[in-house]
$ cat my_file_34.csv   # CSV, C-alpha atoms
chain,number,residue,atom,x,y,z
A,1,MET,CA,10.2,37.1,45.6
A,2,MET,CA,11.4,33.5,45.3
A,3,LYS,CA,7.9,32.2,44.6
A,4,LYS,CA,7.5,34.9,42.0
A,5,ASN,CA,10.7,33.9,40.2
A,6,VAL,CA,9.8,30.2,40.3
A,7,LEU,CA,6.4,31.0,38.9
A,8,SER,CA,8.0,33.1,36.1
A,9,MET,CA,10.4,30.3,35.3
A,10,ALA,CA,7.5,27.8,35.2
A,11,VAL,CA,5.5,30.1,32.8
A,12,ALA,CA,8.6,30.5,30.6
A,13,ALA,CA,9.2,26.8,30.6
A,14,SER,CA,5.6,26.2,29.6
A,15,ALA,CA,5.8,28.7,26.8
A,16,LEU,CA,8.9,27.1,25.5
A,17,ALA,CA,7.3,23.6,25.7
A,18,LEU,CA,4.3,24.9,23.7
A,19,ALA,CA,6.6,26.5,21.2
A,20,GLY,CA,8.5,23.3,20.9
A,21,GLY,CA,5.3,21.4,20.4
A,22,ALA,CA,4.3,23.8,17.6
A,23,GLN,CA,7.6,23.1,15.9
A,24,ALA,CA,7.4,19.3,16.4
A,25,GLU,CA,5.6,18.6,13.2
A,26,VAL,CA,6.0,19.5,9.5
A,27,LYS,CA,2.9,19.7,7.4
A,28,VAL,CA,2.5,18.6,3.7
A,29,GLY,CA,-1.1,18.9,2.6
A,30,PHE,CA,-3.1,16.6,0.3
A,31,LEU,CA,-5.8,17.9,-2.1
A,32,GLY,CA,-8.0,15.2,-3.6
A,33,GLY,CA,-11.4,14.6,-5.1
A,34,PHE,CA,-12.8,12.7,-2.2
A,35,THR,CA,-16.3,13.5,-3.6
A,36,GLY,CA,-17.4,14.0,-7.2
A,37,GLY,CA,-16.2,12.5,-10.4
A,38,ILE,CA,-13.2,10.5,-9.1
A,39,GLU,CA,-14.3,9.7,-5.6
A,40,SER,CA,-13.8,6.0,-6.1
A,41,LEU,CA,-10.3,6.6,-7.5
A,42,THR,CA,-9.1,9.0,-4.7
A,43,PRO,CA,-8.8,6.7,-1.6
A,44,PRO,CA,-5.8,4.6,-2.9
A,45,ILE,CA,-4.1,7.8,-4.3
A,46,PHE,CA,-4.3,9.2,-0.8
A,47,GLU,CA,-3.1,5.9,0.7
A,48,GLY,CA,-0.1,6.1,-1.6
A,49,ALA,CA,0.8,9.6,-0.3
A,50,GLN,CA,0.2,8.5,3.3
A,51,LEU,CA,2.5,5.5,2.8
A,52,ALA,CA,5.4,7.9,2.0
A,53,VAL,CA,4.6,9.9,5.2
A,54,ARG,CA,4.6,6.6,7.2
A,55,HIS,CA,8.0,5.7,5.8
A,56,VAL,CA,9.4,9.1,6.8
A,57,ASN,CA,8.1,8.9,10.4
A,58,GLU,CA,9.0,5.2,10.9
A,59,GLN,CA,12.6,6.1,10.0
A,60,GLY,CA,13.2,8.9,12.4
A,61,GLY,CA,11.0,11.7,11.1
A,62,ILE,CA,11.9,14.9,9.2
A,63,LEU,CA,14.2,17.8,10.1
A,64,ASP,CA,15.9,16.3,13.2
A,65,GLY,CA,13.1,14.1,14.3
A,66,GLN,CA,9.9,16.1,13.7
A,67,GLU,CA,6.8,14.3,12.6
A,68,LEU,CA,5.6,14.6,9.0
A,69,VAL,CA,1.8,15.1,9.0
A,70,MET,CA,-0.6,15.3,6.1
A,71,PRO,CA,-3.9,17.3,6.5
A,72,SER,CA,-6.3,16.7,3.6
A,73,GLY,CA,-8.9,18.7,1.7
A,74,ASP,CA,-11.7,17.9,-0.7
A,75,THR,CA,-11.7,19.7,-4.1
A,76,THR,CA,-14.8,17.7,-5.4
A,77,CYS,CA,-12.7,17.4,-8.6
A,78,SER,CA,-15.0,19.7,-10.6
A,79,ASP,CA,-15.8,22.7,-8.3
A,80,ALA,CA,-13.2,25.5,-8.7
A,81,SER,CA,-14.5,27.3,-5.6
A,82,ALA,CA,-14.2,24.1,-3.5
A,83,ALA,CA,-10.7,23.6,-4.7
A,84,SER,CA,-9.7,27.2,-4.0
A,85,ASN,CA,-11.2,27.1,-0.5
A,86,ALA,CA,-9.5,23.8,0.3
A,87,ALA,CA,-6.2,25.1,-0.9
A,88,ASP,CA,-6.7,28.4,1.0
A,89,ARG,CA,-7.2,26.4,4.2
A,90,MET,CA,-4.0,24.4,3.5
A,91,VAL,CA,-1.9,27.5,2.7
A,92,ASN,CA,-3.2,30.0,5.2
A,93,THR,CA,-4.8,28.1,8.1
A,94,GLU,CA,-2.9,24.8,8.2
A,95,GLN,CA,0.3,26.6,7.2
A,96,VAL,CA,1.5,23.6,5.1
A,97,THR,CA,5.0,23.7,3.7
A,98,ALA,CA,3.9,22.1,0.4
A,99,ILE,CA,1.0,20.3,-1.2
A,100,VAL,CA,0.5,16.9,-2.8
A,101,GLY,CA,-2.2,17.5,-5.4
A,102,ALA,CA,-4.6,18.4,-6.6
A,103,LEU,CA,-5.8,15.5,-8.7
A,104,CYS,CA,-8.2,16.8,-11.3
A,105,THR,CA,-6.7,19.4,-13.6
A,106,GLY,CA,-9.3,22.1,-13.0
A,107,ALA,CA,-8.8,21.7,-9.2
A,108,THR,CA,-5.0,22.0,-9.5
A,109,ILE,CA,-5.2,25.1,-11.6
A,110,ALA,CA,-7.8,26.8,-9.3
A,111,ALA,CA,-5.8,25.8,-6.2
A,112,ALA,CA,-2.6,27.0,-7.6
A,113,ASN,CA,-3.8,30.3,-9.0
A,114,ASN,CA,-5.9,31.3,-5.9
A,115,ALA,CA,-3.8,30.0,-3.0
A,116,ALA,CA,-0.6,28.1,-3.6
A,117,ILE,CA,1.1,30.5,-6.0
A,118,PRO,CA,0.2,33.7,-4.0
A,119,GLY,CA,1.4,31.8,-0.9
A,120,GLY,CA,4.6,30.6,-2.4
A,121,VAL,CA,3.7,27.0,-1.8
A,122,VAL,CA,5.0,24.2,-4.0
A,123,MET,CA,2.4,21.8,-5.4
A,124,VAL,CA,3.2,18.4,-6.9
A,125,SER,CA,0.2,16.7,-8.5
A,126,PRO,CA,0.2,12.9,-9.0
A,127,ALA,CA,-2.8,13.0,-11.3
A,128,SER,CA,-3.4,16.3,-13.2
A,129,THR,CA,-2.5,15.3,-16.7
A,130,ALA,CA,-4.0,18.1,-18.9
A,131,PRO,CA,-1.5,20.1,-21.0
A,132,ALA,CA,-3.0,23.3,-19.4
A,133,VAL,CA,-0.9,22.6,-16.3
A,134,SER,CA,2.3,23.2,-18.3
A,135,GLU,CA,1.0,26.7,-19.3
A,136,LEU,CA,0.5,28.0,-15.7
A,137,ASP,CA,2.4,31.2,-14.8
A,138,ASP,CA,3.4,29.5,-11.6
A,139,ASN,CA,6.8,31.0,-10.4
A,140,ASP,CA,8.2,27.4,-10.7
A,141,LEU,CA,5.8,26.2,-8.0
A,142,VAL,CA,3.6,23.6,-9.7
A,143,TYR,CA,5.0,20.2,-10.6
A,144,ARG,CA,3.6,16.8,-11.5
A,145,THR,CA,4.8,13.2,-11.2
A,146,VAL,CA,2.5,12.1,-14.1
A,147,PRO,CA,3.1,12.7,-17.8
A,148,SER,CA,1.0,15.2,-19.7
A,149,ASP,CA,-2.1,14.1,-21.7
A,150,GLY,CA,-0.3,15.3,-24.8
A,151,PHE,CA,1.6,12.0,-24.4
A,152,GLN,CA,-1.3,9.8,-23.3
A,153,GLY,CA,-3.5,11.0,-26.1
A,154,GLU,CA,-0.9,10.1,-28.6
A,155,MET,CA,-0.5,6.6,-27.1
A,156,LEU,CA,-4.2,6.0,-27.1
A,157,ALA,CA,-4.4,6.9,-30.7
A,158,LYS,CA,-1.5,4.6,-31.5
A,159,LEU,CA,-3.1,1.7,-29.6
A,160,LEU,CA,-6.4,1.9,-31.3
A,161,LEU,CA,-4.9,2.1,-34.8
A,162,GLU,CA,-2.6,-0.9,-34.0
A,163,LYS,CA,-5.8,-2.8,-33.1
A,164,GLY,CA,-7.4,-2.0,-36.5
A,165,ILE,CA,-9.8,0.5,-35.0
A,166,ASP,CA,-9.7,3.3,-37.6
A,167,GLU,CA,-13.1,5.0,-37.1
A,168,VAL,CA,-14.3,6.4,-33.8
A,169,ALA,CA,-16.7,8.9,-32.3
A,170,VAL,CA,-15.4,10.9,-29.4
A,171,THR,CA,-17.1,12.6,-26.4
A,172,TYR,CA,-15.2,14.4,-23.7
A,173,VAL,CA,-16.1,16.1,-20.5
A,174,ASN,CA,-16.0,19.9,-21.1
A,175,ASN,CA,-13.1,20.9,-18.9
A,176,ASP,CA,-9.3,21.3,-19.0
A,177,TYR,CA,-8.8,17.5,-18.6
A,178,GLY,CA,-11.3,16.4,-21.2
A,179,ARG,CA,-10.5,19.0,-23.8
A,180,GLY,CA,-6.7,18.5,-23.4
A,181,LEU,CA,-6.9,14.7,-23.7
A,182,ALA,CA,-9.4,14.8,-26.6
A,183,ASP,CA,-7.3,17.4,-28.5
A,184,ALA,CA,-4.2,15.3,-28.2
A,185,PHE,CA,-6.0,12.1,-29.1
A,186,VAL,CA,-7.8,13.5,-32.2
A,187,GLU,CA,-4.7,15.2,-33.5
A,188,ALA,CA,-2.6,12.0,-33.3
A,189,TYR,CA,-5.4,9.7,-34.5
A,190,GLU,CA,-6.2,11.7,-37.6
A,191,ALA,CA,-2.5,12.4,-38.4
A,192,ASN,CA,-1.9,8.6,-38.5
A,193,GLY,CA,-4.9,7.8,-40.7
A,194,GLY,CA,-7.8,7.4,-38.3
A,195,MET,CA,-11.2,9.0,-38.9
A,196,VAL,CA,-13.1,10.8,-36.2
A,197,ALA,CA,-16.7,10.7,-37.2
A,198,GLU,CA,-17.9,13.0,-34.4
A,199,ASN,CA,-16.0,14.9,-31.7
A,200,LEU,CA,-18.5,16.3,-29.1
A,201,ALA,CA,-18.1,17.9,-25.7
A,202,HIS,CA,-20.5,17.2,-22.9
A,203,GLU,CA,-21.1,18.8,-19.5
A,204,ASP,CA,-20.4,16.8,-16.3
A,205,ASN,CA,-22.9,15.7,-13.7
A,206,ARG,CA,-26.0,15.6,-15.9
A,207,ALA,CA,-28.6,12.9,-15.8
A,208,ASP,CA,-29.2,12.6,-19.5
A,209,TYR,CA,-26.8,12.4,-22.5
A,210,ARG,CA,-29.1,10.8,-25.0
A,211,SER,CA,-29.1,13.9,-27.3
A,212,GLU,CA,-25.3,13.9,-27.5
A,213,LEU,CA,-25.3,10.1,-28.0
A,214,GLY,CA,-27.8,10.5,-30.9
A,215,SER,CA,-25.4,12.8,-32.6
A,216,LEU,CA,-22.4,10.6,-31.8
A,217,SER,CA,-24.0,7.5,-33.2
A,218,ALA,CA,-25.5,9.1,-36.4
A,219,ALA,CA,-22.4,8.3,-38.5
A,220,GLY,CA,-22.8,4.6,-37.7
A,221,VAL,CA,-19.3,3.9,-36.3
A,222,GLU,CA,-18.9,1.1,-33.8
A,223,THR,CA,-16.4,2.5,-31.4
A,224,LEU,CA,-17.1,5.3,-28.8
A,225,VAL,CA,-14.2,7.0,-27.1
A,226,VAL,CA,-15.3,8.5,-23.7
A,227,LEU,CA,-12.8,10.9,-22.1
A,228,ALA,CA,-14.5,11.7,-18.8
A,229,TYR,CA,-14.8,10.5,-15.2
A,230,ALA,CA,-15.7,7.0,-14.0
A,231,ASP,CA,-18.1,8.2,-11.2
A,232,THR,CA,-20.0,10.9,-13.1
A,233,SER,CA,-20.6,11.7,-16.8
A,234,GLY,CA,-18.5,8.8,-18.1
A,235,GLN,CA,-20.5,6.3,-16.3
A,236,THR,CA,-23.8,7.8,-17.4
A,237,VAL,CA,-22.7,8.1,-21.1
A,238,LEU,CA,-21.7,4.4,-21.2
A,239,ARG,CA,-24.9,3.2,-19.5
A,240,GLN,CA,-27.2,5.2,-21.8
A,241,ALA,CA,-25.2,4.2,-24.9
A,242,TYR,CA,-25.7,0.6,-24.0
A,243,GLU,CA,-29.4,1.1,-23.2
A,244,GLY,CA,-29.9,2.8,-26.6
A,245,GLY,CA,-28.1,0.0,-28.5
A,246,MET,CA,-25.4,2.4,-29.7
A,247,PHE,CA,-21.8,1.2,-30.4
A,248,THR,CA,-20.2,-2.1,-29.8
A,249,GLN,CA,-16.8,-1.1,-28.6
A,250,TYR,CA,-16.0,1.4,-25.7
A,251,VAL,CA,-12.7,3.2,-25.1
A,252,GLY,CA,-11.6,5.4,-22.2
A,253,GLY,CA,-8.7,7.4,-20.8
A,254,ASP,CA,-7.3,7.3,-17.3
A,255,GLY,CA,-10.3,9.0,-15.7
A,256,MET,CA,-12.4,6.0,-16.6
A,257,VAL,CA,-10.1,3.3,-15.2
A,258,GLY,CA,-12.0,2.3,-12.0
A,259,ASP,CA,-13.8,-0.9,-11.2
A,260,SER,CA,-16.6,1.2,-9.8
A,261,LEU,CA,-17.4,2.0,-13.5
A,262,VAL,CA,-17.6,-1.7,-14.3
A,263,GLU,CA,-19.8,-2.4,-11.3
A,264,ALA,CA,-22.2,0.5,-12.1
A,265,VAL,CA,-22.6,-0.1,-15.8
A,266,GLY,CA,-22.2,-3.9,-15.8
A,267,ALA,CA,-19.3,-6.3,-16.3
A,268,ASP,CA,-21.0,-8.0,-19.3
A,269,VAL,CA,-21.7,-4.6,-20.9
A,270,LEU,CA,-18.1,-3.4,-20.6
A,271,GLU,CA,-16.3,-6.7,-21.2
A,272,GLY,CA,-13.5,-5.9,-23.7
A,273,MET,CA,-13.5,-2.1,-23.0
A,274,ILE,CA,-10.1,-0.6,-23.9
A,275,ALA,CA,-8.4,2.2,-21.9
A,276,THR,CA,-5.1,3.8,-21.2
A,277,ARG,CA,-3.6,5.2,-18.0
A,278,PRO,CA,-0.1,6.5,-16.9
A,279,GLY,CA,1.9,3.6,-15.4
A,280,SER,CA,5.1,2.8,-13.7
A,281,PRO,CA,8.1,1.5,-15.7
A,282,ASP,CA,9.8,-1.7,-14.7
A,283,LEU,CA,12.4,-0.2,-12.3
A,284,PRO,CA,13.7,-1.3,-8.8
A,285,GLY,CA,11.6,1.4,-7.2
A,286,THR,CA,8.4,0.0,-8.6
A,287,GLU,CA,8.9,-3.4,-7.1
A,288,ILE,CA,9.7,-1.9,-3.7
A,289,PHE,CA,6.6,0.2,-3.8
A,290,ASN,CA,4.4,-2.7,-4.9
A,291,GLU,CA,5.5,-4.8,-1.9
A,292,ALA,CA,5.1,-1.9,0.6
A,293,ALA,CA,1.6,-1.0,-0.7
A,294,GLU,CA,0.5,-4.6,-0.5
A,295,ALA,CA,1.8,-4.8,3.1
A,296,ALA,CA,-0.1,-1.6,3.8
A,297,GLY,CA,-3.3,-3.1,2.5
A,298,PHE,CA,-4.0,-1.2,-0.7
A,299,ASP,CA,-3.6,-2.1,-4.4
A,300,PRO,CA,-0.3,-0.8,-5.8
A,301,SER,CA,-1.6,-0.9,-9.3
A,302,ALA,CA,-4.4,1.6,-8.4
A,303,VAL,CA,-4.4,4.5,-10.9
A,304,PHE,CA,-2.0,7.3,-9.6
A,305,ALA,CA,-1.2,5.6,-6.3
A,306,ALA,CA,2.5,5.2,-7.2
A,307,GLN,CA,2.6,8.8,-8.5
A,308,ALA,CA,1.1,10.0,-5.2
A,309,TYR,CA,3.8,8.1,-3.2
A,310,ASP,CA,6.5,9.8,-5.3
A,311,ALA,CA,5.0,13.2,-4.9
A,312,ALA,CA,4.9,12.9,-1.1
A,313,PHE,CA,8.3,11.3,-0.8
A,314,LEU,CA,9.9,13.9,-3.1
A,315,LEU,CA,8.5,16.8,-1.1
A,316,ALA,CA,9.7,15.3,2.1
A,317,LEU,CA,13.2,14.9,0.6
A,318,ALA,CA,13.1,18.5,-0.7
A,319,ILE,CA,12.1,19.8,2.8
A,320,GLU,CA,15.0,17.8,4.3
A,321,GLN,CA,17.4,19.1,1.6
A,322,ASN,CA,16.1,22.7,2.2
A,323,GLY,CA,16.9,22.3,5.9
A,324,SER,CA,13.7,23.8,7.2
A,325,ALA,CA,9.9,23.8,6.9
A,326,GLU,CA,10.1,27.2,5.3
A,327,ARG,CA,8.5,27.5,1.8
A,328,GLU,CA,11.3,29.6,0.3
A,329,GLY,CA,13.9,27.6,-1.6
A,330,LEU,CA,11.8,24.4,-1.7
A,331,ALA,CA,11.3,24.4,-5.5
A,332,GLU,CA,15.1,24.5,-6.0
A,333,ALA,CA,15.5,21.7,-3.5
A,334,LEU,CA,12.8,19.6,-5.2
A,335,ARG,CA,14.6,19.9,-8.5
A,336,SER,CA,17.9,18.9,-6.8
A,337,VAL,CA,16.6,15.7,-5.1
A,338,ALA,CA,14.7,14.6,-8.2
A,339,SER,CA,17.6,14.9,-10.7
A,340,ALA,CA,20.9,13.3,-11.6
A,341,PRO,CA,23.7,13.5,-10.6
A,342,GLY,CA,23.5,12.1,-7.1
A,343,GLU,CA,23.4,8.9,-5.2
A,344,VAL,CA,20.2,7.0,-6.0
A,345,ILE,CA,17.5,6.9,-3.4
A,346,LEU,CA,14.6,4.4,-3.8
A,347,PRO,CA,11.2,4.3,-2.3
A,348,GLY,CA,11.4,3.8,1.5
A,349,GLU,CA,15.0,4.7,1.8
A,350,TRP,CA,14.4,7.7,4.0
A,351,GLU,CA,17.1,7.1,6.7
A,352,LYS,CA,19.7,6.6,4.0
A,353,ALA,CA,18.6,9.9,2.3
A,354,VAL,CA,18.8,11.9,5.5
A,355,GLU,CA,22.3,10.6,6.2
A,356,LEU,CA,23.5,11.6,2.7
A,357,ILE,CA,21.9,15.0,2.9
A,358,ALA,CA,23.5,15.6,6.3
A,359,ALA,CA,26.9,14.7,4.8
A,360,GLY,CA,26.4,17.1,1.9
A,361,THR,CA,26.1,14.4,-0.7
A,362,GLU,CA,23.8,14.9,-3.6
A,363,ILE,CA,20.9,12.5,-4.0
A,364,ASN,CA,18.7,11.4,-7.0
A,365,TYR,CA,15.3,9.9,-6.2
A,366,GLU,CA,14.2,7.2,-8.5
A,367,GLY,CA,10.6,6.4,-7.5
A,368,ALA,CA,7.7,4.1,-7.5
A,369,SER,CA,6.4,5.5,-10.8
A,370,GLY,CA,9.7,6.1,-12.5
A,371,ARG,CA,12.4,8.8,-12.7
A,372,HIS,CA,11.3,12.4,-12.2
A,373,GLU,CA,13.6,14.6,-14.1
A,374,PHE,CA,11.4,17.7,-14.1
A,375,ASP,CA,11.6,19.9,-17.2
A,376,GLU,CA,11.2,23.7,-17.2
A,377,ASN,CA,7.5,23.4,-16.8
A,378,GLY,CA,7.7,20.9,-13.9
A,379,ASP,CA,6.6,18.1,-16.2
A,380,VAL,CA,8.1,14.5,-16.4
A,381,PRO,CA,8.4,11.9,-19.1
A,382,GLY,CA,6.4,8.7,-18.5
A,383,VAL,CA,4.9,5.5,-19.7
A,384,VAL,CA,1.3,4.6,-20.7
A,385,VAL,CA,-0.3,1.3,-19.9
A,386,GLU,CA,-3.0,-0.5,-21.9
A,387,MET,CA,-6.0,-1.5,-19.8
A,388,ALA,CA,-8.9,-3.8,-20.7
A,389,VAL,CA,-12.0,-4.9,-18.9
A,390,GLU,CA,-11.7,-8.7,-18.4
A,391,GLY,CA,-13.7,-10.9,-16.1
A,392,GLY,CA,-15.4,-7.9,-14.4
A,393,SER,CA,-12.4,-5.6,-13.7
A,394,PHE,CA,-9.8,-3.5,-15.4
A,395,THR,CA,-6.6,-5.5,-16.1
A,396,SER,CA,-3.2,-4.3,-17.2
A,397,LYS,CA,-2.2,-5.5,-20.7
A,398,GLY,CA,1.3,-4.0,-20.6
A,399,PHE,CA,3.0,-0.8,-21.9
A,400,VAL,CA,2.0,1.0,-25.0
A,401,ASP,CA,5.2,1.1,-27.0
A,402,LEU,CA,6.4,4.4,-28.5
$ encode --input "my_file_34.csv" --output "structure tokens"
Amino acid sequence: MMKKNVLSMAVAASALALAGGAQAEVKVGFLGGFTGGIESLTPPIFEGAQLAVRHVNEQGGILDGQELVMPSGDTTCSDASAASNAADRMVNTEQVTAIVGALCTGATIAAANNAAIPGGVVMVSPASTAPAVSELDDNDLVYRTVPSDGFQGEMLAKLLLEKGIDEVAVTYVNNDYGRGLADAFVEAYEANGGMVAENLAHEDNRADYRSELGSLSAAGVETLVVLAYADTSGQTVLRQAYEGGMFTQYVGGDGMVGDSLVEAVGADVLEGMIATRPGSPDLPGTEIFNEAAEAAGFDPSAVFAAQAYDAAFLLALAIEQNGSAEREGLAEALRSVASAPGEVILPGEWEKAVELIAAGTEINYEGASGRHEFDENGDVPGVVVEMAVEGGSFTSKGFVDL
């Protein structure tokens, strides 16, 4: 009888240990385009999010010392089925509390509609910029730490007109991202006196765009605006435009800002190319992030890396504020930790934040990419940076002023 009781106690202890182990980590998933149109842009974005996870774990962990972990999934950027499947795995198999991502707009919309919203999972995208994200019927579950392309398109139009570029041809990838950015750009450009000679959609992942380029160049304008992806259609369009002797000035949006584009098409060909991308304002959090990213071995100025850090750190703060790894109540907690009033928390200040939350003190995170006062759609204001290809790589030229 004694042996039986001892055995029963041992089994019970083992079960408790296993249960404790199962509760020893909190999962926040990451959905990114590890293959496809932005595969060269995704690694530093993921590194930005992982840096936030590292800061949490190095400063005592989350929810009384549990480890924060970040399983990842590949959306391919352009395949809605892949995005839905990756999100379904995060929501229903990995049982994540929340998700950083996705990156491409179509992937975010597919992941949200098919998995995250039905599962009650908060998503914070650091890179989905299309206005369509604002229109999701999302039960207040989808947010982003990057401004809408409605703003970026307006700033790109302003930048070109200030440079005396008042005639352009436009081609955009035929998806939510491309259409949204092109619509915003064309509306602002024409409203302020610019002339769009041709505005033409193109399909992604094709080998030949010479027919579209023939139509785009027929009007004889010198500047081609390409609103697409650096690793797929945008790269091919630029290469074939150059090979055909079409256009003398190239312009892109944030999806084109990658040195892989310059390497593929040629530094001499793209020297002087103009682009825009969301950036980080000159705030204390930006400098802290820049130093931490450099110490971690990745480029802090990589497109959307700072926004990814903020998405991950905000979700960790919200989970801590919510008091559990449950999904319910997380959206409300996210809005609380991201907004004034409250004691300011900067990137890396995890231990300070945990102490304040435990004391019942309100906090207000001011991040690597700026302040994140979410509006009713989960959108944030932001800044847009002018980029130019100089000496074989994209270089920041400063903020585009309002």
$ atom_distance --input "my_file_34.csv" --atom1 "CA of Arg210 in chain A" --atom2 "CA of Ser81 in chain A"
29.4 Å
$ closest_residue --input "my_file_34.csv" --among "A:Val170, A:Val384, A:Val344, A:Met246" --to "Glu154 in chain A" --atoms "only C-alpha atoms"
A:Val384
$ atom_distance --input "my_file_34.csv" --atom1 "CA of Thr395 in chain A" --atom2 "CA of Leu200 in chain A"
28.0 Å
$ closest_residue --input "my_file_34.csv" --among "A:Leu141, A:Leu227, A:Cys77, A:Val269" --to "Leu315 in chain A" --atoms "all atoms listed in the file"
A:Leu141
$ closest_residue --input "my_file_34.csv" --among "A:Phe313, A:Trp350, A:Tyr229, A:Phe289" --to "Ser78 in chain A" --atoms "all atoms listed in the file"
A:Tyr229
$ closest_residue --input "my_file_34.csv" --among "A:Gly150, A:Pro278, A:Gly37, A:Pro43" --to "Ala107 in chain A" --atoms "only C-alpha atoms"
A:Gly37
$ closest_residue --input "my_file_34.csv" --among "A:Ala359, A:Met273, A:Leu103, A:Ala219" --to "Met123 in chain A" --atoms "only C-alpha atoms"
A:Leu103
$ residues_near_point --input "my_file_34.csv" --point "(-9.9, -8.2, -12.4)" --cutoff "12 Å" --atoms "only C-alpha atoms" --output "PyMOL selection string"
chain A and resi 257-260+262-263+267+271+299+301-302+387-397
$ closest_residue --input "my_file_34.csv" --among "A:Ile288, A:Leu63, A:Ala98, A:Ala191" --to "Glu328 in chain A" --atoms "only C-alpha atoms"
A:Ala98
$ residues_around --input "my_file_34.csv" --residues "Glu349 in chain A" --least-positions-apart "6" --cutoff "12 Å" --atoms "all atoms listed in the file" --output "list in words"
Ala52, Arg54, His55, Val56, Asn57, Glu58, Gln59, Gly60, Gly285, Ile288, Phe289, Ala292, Phe313, Leu314, Ala316, Leu317, Glu343, Glu355, Leu356, Ile363, Asn364, Tyr365, Glu366, Gly367 and Ala368 of chain A
$ residues_around --input "my_file_34.csv" --residues "range 125-130 of chain A" --least-positions-apart "3" --cutoff "10 Å" --atoms "all atoms listed in the file" --output "short mmCIF file (atom, residue, chain, number, x, y, z; two decimals) with C-alpha atoms, keeping the file's coordinate frame"
data_model
loop_
_atom_site.label_atom_id
_atom_site.label_comp_id
_atom_site.auth_asym_id
_atom_site.auth_seq_id
_atom_site.Cartn_x
_atom_site.Cartn_y
_atom_site.Cartn_z
CA PHE A 30 -3.10 16.60 0.30
CA LEU A 31 -5.80 17.90 -2.10
CA GLY A 32 -8.00 15.20 -3.60
CA THR A 42 -9.10 9.00 -4.70
CA ILE A 45 -4.10 7.80 -4.30
CA ALA A 49 0.80 9.60 -0.30
CA ILE A 99 1.00 20.30 -1.20
CA VAL A 100 0.50 16.90 -2.80
CA GLY A 101 -2.20 17.50 -5.40
CA ALA A 102 -4.60 18.40 -6.60
CA LEU A 103 -5.80 15.50 -8.70
CA CYS A 104 -8.20 16.80 -11.30
CA THR A 105 -6.70 19.40 -13.60
CA GLY A 106 -9.30 22.10 -13.00
CA ALA A 107 -8.80 21.70 -9.20
CA THR A 108 -5.00 22.00 -9.50
CA ILE A 109 -5.20 25.10 -11.60
CA VAL A 122 5.00 24.20 -4.00
CA VAL A 133 -0.90 22.60 -16.30
CA SER A 134 2.30 23.20 -18.30
CA GLU A 135 1.00 26.70 -19.30
CA VAL A 142 3.60 23.60 -9.70
CA TYR A 143 5.00 20.20 -10.60
CA ARG A 144 3.60 16.80 -11.50
CA THR A 145 4.80 13.20 -11.20
CA VAL A 146 2.50 12.10 -14.10
CA PRO A 147 3.10 12.70 -17.80
CA SER A 148 1.00 15.20 -19.70
CA ASP A 149 -2.10 14.10 -21.70
CA GLY A 150 -0.30 15.30 -24.80
CA PHE A 151 1.60 12.00 -24.40
CA GLN A 152 -1.30 9.80 -23.30
CA ASN A 175 -13.10 20.90 -18.90
CA ASP A 176 -9.30 21.30 -19.00
CA TYR A 177 -8.80 17.50 -18.60
CA GLY A 178 -11.30 16.40 -21.20
CA ARG A 179 -10.50 19.00 -23.80
CA GLY A 180 -6.70 18.50 -23.40
CA LEU A 181 -6.90 14.70 -23.70
CA ALA A 182 -9.40 14.80 -26.60
CA ALA A 184 -4.20 15.30 -28.20
CA ASP A 254 -7.30 7.30 -17.30
CA GLY A 255 -10.30 9.00 -15.70
CA PRO A 278 -0.10 6.50 -16.90
CA VAL A 303 -4.40 4.50 -10.90
CA PHE A 304 -2.00 7.30 -9.60
CA ALA A 305 -1.20 5.60 -6.30
CA ALA A 306 2.50 5.20 -7.20
CA GLN A 307 2.60 8.80 -8.50
CA ALA A 308 1.10 10.00 -5.20
CA TYR A 309 3.80 8.10 -3.20
CA ASP A 310 6.50 9.80 -5.30
CA ALA A 311 5.00 13.20 -4.90
CA ALA A 312 4.90 12.90 -1.10
CA SER A 369 6.40 5.50 -10.80
CA ASP A 379 6.60 18.10 -16.20
#
